[in-house]
Amino acid sequence: MAGMTLNERLLHVGIIDQWDEAARRRDRDKMIELLERVDVREPYVADAVFADPQNYGF
């Protein structure tokens with residue numbers, strides 16, 4: 001998955017809807033679980049969404 005954006009990774013494995021739902025619920029633990037499934041080990045990605053949800057479409 002190297003070279004893919006986060007959205008591309010989430011789409012590739014079919015979990016983008018789960019990501020969007022977790023983001024809307026502000027479920028950080030679920031978001032981190034989904035990040036790990038696409039080989040993203042940086043939890044700050046979820047925190048960035050929470051810090052500026054409008055920037056990420058939420």
# chains A, B, ... in the order shown; residues from 1 in each chain; ligands from 1

call {"tool": "residues_around", "arguments": {"residues": "range 40-54 of chain A", "least_positions_apart": "3", "cutoff": "8 Å", "atoms": "only C-alpha atoms", "output": "JSON, numbers by chain"}}
result
{"A": [23, 26, 28, 31, 32, 35, 36, 37, 57, 58]}

call {"tool": "write_last_selection", "arguments": {"atoms": "N, CA and C atoms", "output": "mmCIF file, in the first residue's frame"}}
result
data_model
loop_
_atom_site.group_PDB
_atom_site.id
_atom_site.type_symbol
_atom_site.label_atom_id
_atom_site.label_comp_id
_atom_site.auth_asym_id
_atom_site.auth_seq_id
_atom_site.Cartn_x
_atom_site.Cartn_y
_atom_site.Cartn_z
ATOM 1 N N ALA A 23 -15.367 8.325 12.560
ATOM 2 C CA ALA A 23 -14.999 9.741 12.654
ATOM 3 C C ALA A 23 -16.195 10.579 13.090
ATOM 4 N N ARG A 26 -16.716 10.170 16.585
ATOM 5 C CA ARG A 26 -15.509 10.551 17.338
ATOM 6 C C ARG A 26 -14.993 9.367 18.158
ATOM 7 N N ARG A 28 -12.226 7.352 18.607
ATOM 8 C CA ARG A 28 -10.788 7.316 18.355
ATOM 9 C C ARG A 28 -10.244 5.890 18.343
ATOM 10 N N MET A 31 -11.088 4.277 15.086
ATOM 11 C CA MET A 31 -10.302 4.872 14.010
ATOM 12 C C MET A 31 -8.876 4.332 14.017
ATOM 13 N N ILE A 32 -8.296 4.214 15.184
ATOM 14 C CA ILE A 32 -6.928 3.681 15.278
ATOM 15 C C ILE A 32 -6.897 2.223 14.834
ATOM 16 N N LEU A 35 -6.961 2.318 11.138
ATOM 17 C CA LEU A 35 -5.659 2.759 10.626
ATOM 18 C C LEU A 35 -4.660 1.610 10.617
ATOM 19 N N GLU A 36 -4.652 0.837 11.680
ATOM 20 C CA GLU A 36 -3.722 -0.289 11.761
ATOM 21 C C GLU A 36 -4.001 -1.318 10.678
ATOM 22 N N ARG A 37 -5.270 -1.480 10.311
ATOM 23 C CA ARG A 37 -5.625 -2.442 9.256
ATOM 24 C C ARG A 37 -5.079 -2.037 7.898
ATOM 25 N N GLY A 57 -14.096 16.863 6.047
ATOM 26 C CA GLY A 57 -15.434 16.546 5.556
ATOM 27 C C GLY A 57 -16.399 16.037 6.616
ATOM 28 N N PHE A 58 -16.117 16.319 7.889
ATOM 29 C CA PHE A 58 -17.010 15.846 8.952
ATOM 30 C C PHE A 58 -17.612 16.991 9.717
#

call {"tool": "select_by_dssp", "arguments": {"residues": "chain A", "states": "helix (DSSP H, G or I)", "output": "ChimeraX atom specification"}}
result
/A:6-13,16-25,28-37,44-51,53-56

call {"tool": "closest_residue", "arguments": {"among": "A:Leu34, A:Asp39, A:Tyr56, A:Ile15", "to": "Ala2 in chain A", "atoms": "only C-alpha atoms"}}
result
A:Asp39

call {"tool": "closest_residue", "arguments": {"among": "A:Glu21, A:Asn55, A:Leu10, A:Thr5", "to": "Val38 in chain A", "atoms": "only C-alpha atoms"}}
result
A:Leu10

call {"tool": "atom_distance", "arguments": {"atom1": "CA of Met1 in chain A", "atom2": "CA of Asp20 in chain A"}}
result
19.9 Å
